[in-house]
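Engineer: Quick one: this structure, given as structure tokens, is what I'll be asking you about.
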Amino acid sequence: MVTKEQVLEVQEKWGDGVVKIGSLQTDRAECESFTNGFIDERYAYQNGTVVFKPTKCAIEQFRPTKEEAVSYFIAGEDRKCEEDKGFALQPWTKVRFENAGIILEEKRAIAMGNYFFTDLEGNEAKVEYTFGYKLVDGDLKIDLHHSSFPYTIEVVA
């Protein structure tokens, strides 16, 4: 049975990885190498289908391949999606998860809530997320990633 502690641990590792990517932005080769390893460690692309809907995308909304996920995180001249700017290159100093709920099963888990990305000035960006995890050789890997900005009410004057 997947445990809540396992989910919290992989969430922390995911957040630490996003922060690390941004810290490597001045060394493109190292940044690319780390990001490729990060995607391999955190996501289940090599084990089947991954459904990934990143926060900051409008034209190519979904990233079904590892190459498209890397493009979203670090963009670059060889990016797979033109709209990508390199979300993880912000840089962020911290990622904090607040789970609204976690569903635990024998070989899967689903977590939903808000995560907060802290920038260099200490400002937090709030993003809503749903992550699905599957157990692969004893490790939880993301096979569902949906994130979006919270709905804002439009005030008409």
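The chains in the structure tokens are called A, B, ... from first to last as shown; in each chain the residues are counted from 1, and the ligands are counted from 1 in the order shown.
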Can you tell me, as a list in words, what residues are no more than 8 Å from A:Phe52 when counting only C-alpha atoms, ignoring any on the same chain fewer than 5 positions away?

Structural biologist: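 Once the nearby chain positions are removed, what remains is Phe62, Arg63, Pro64, Ala69, Asp143, Leu144, His145 and His146 of chain A.
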
Engineer: If you run DSSP on this backbone, which residues of chain A come out as alpha helix (DSSP H), and could you give them as an NGL selection string?

Structural biologist: :A and (4-23 or 28-42 or 66-74)

Engineer: Could you tell me which of A:Ser148, A:Thr26, A:Glu106, A:Arg96 comes closest to A:Glu124 if we count only C-alpha atoms?

Structural biologist: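 Of all the options, A:Arg96 lies closest to A:Glu124.
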
Engineer: Quick one: everything within 10 Å of A:Asn123, counting only C-alpha atoms, minus sequence neighbours fewer than 6 positions away in the same chain. Send it as a VMD selection string.

Structural biologist: chain A and resid 92 to 93 116 to 117

Engineer: Find, counting only C-alpha atoms, the residue in A:Phe149, A:Phe73, A:Phe87, A:Tyr43 that gets nearest to A:Asp119.

Structural biologist: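 Answer, going by the shortest atom-to-atom distance: A:Phe87.
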
Engineer: Find the residues around A:Phe34 up to 9 Å (only C-alpha atoms counted), leave out those fewer than 2 positions away in its own chain, and share them as number ranges by chain.

Structural biologist: A: 17, 20-21, 24, 29-32, 36-39

Engineer: Pull the strand (DSSP E) assignments for stretch 4-151 of chain A out of DSSP run on the backbone, and list those residues as a ChimeraX atom specification.

Structural biologist: /A:51-53,94-104,108-118,124-136,139-148
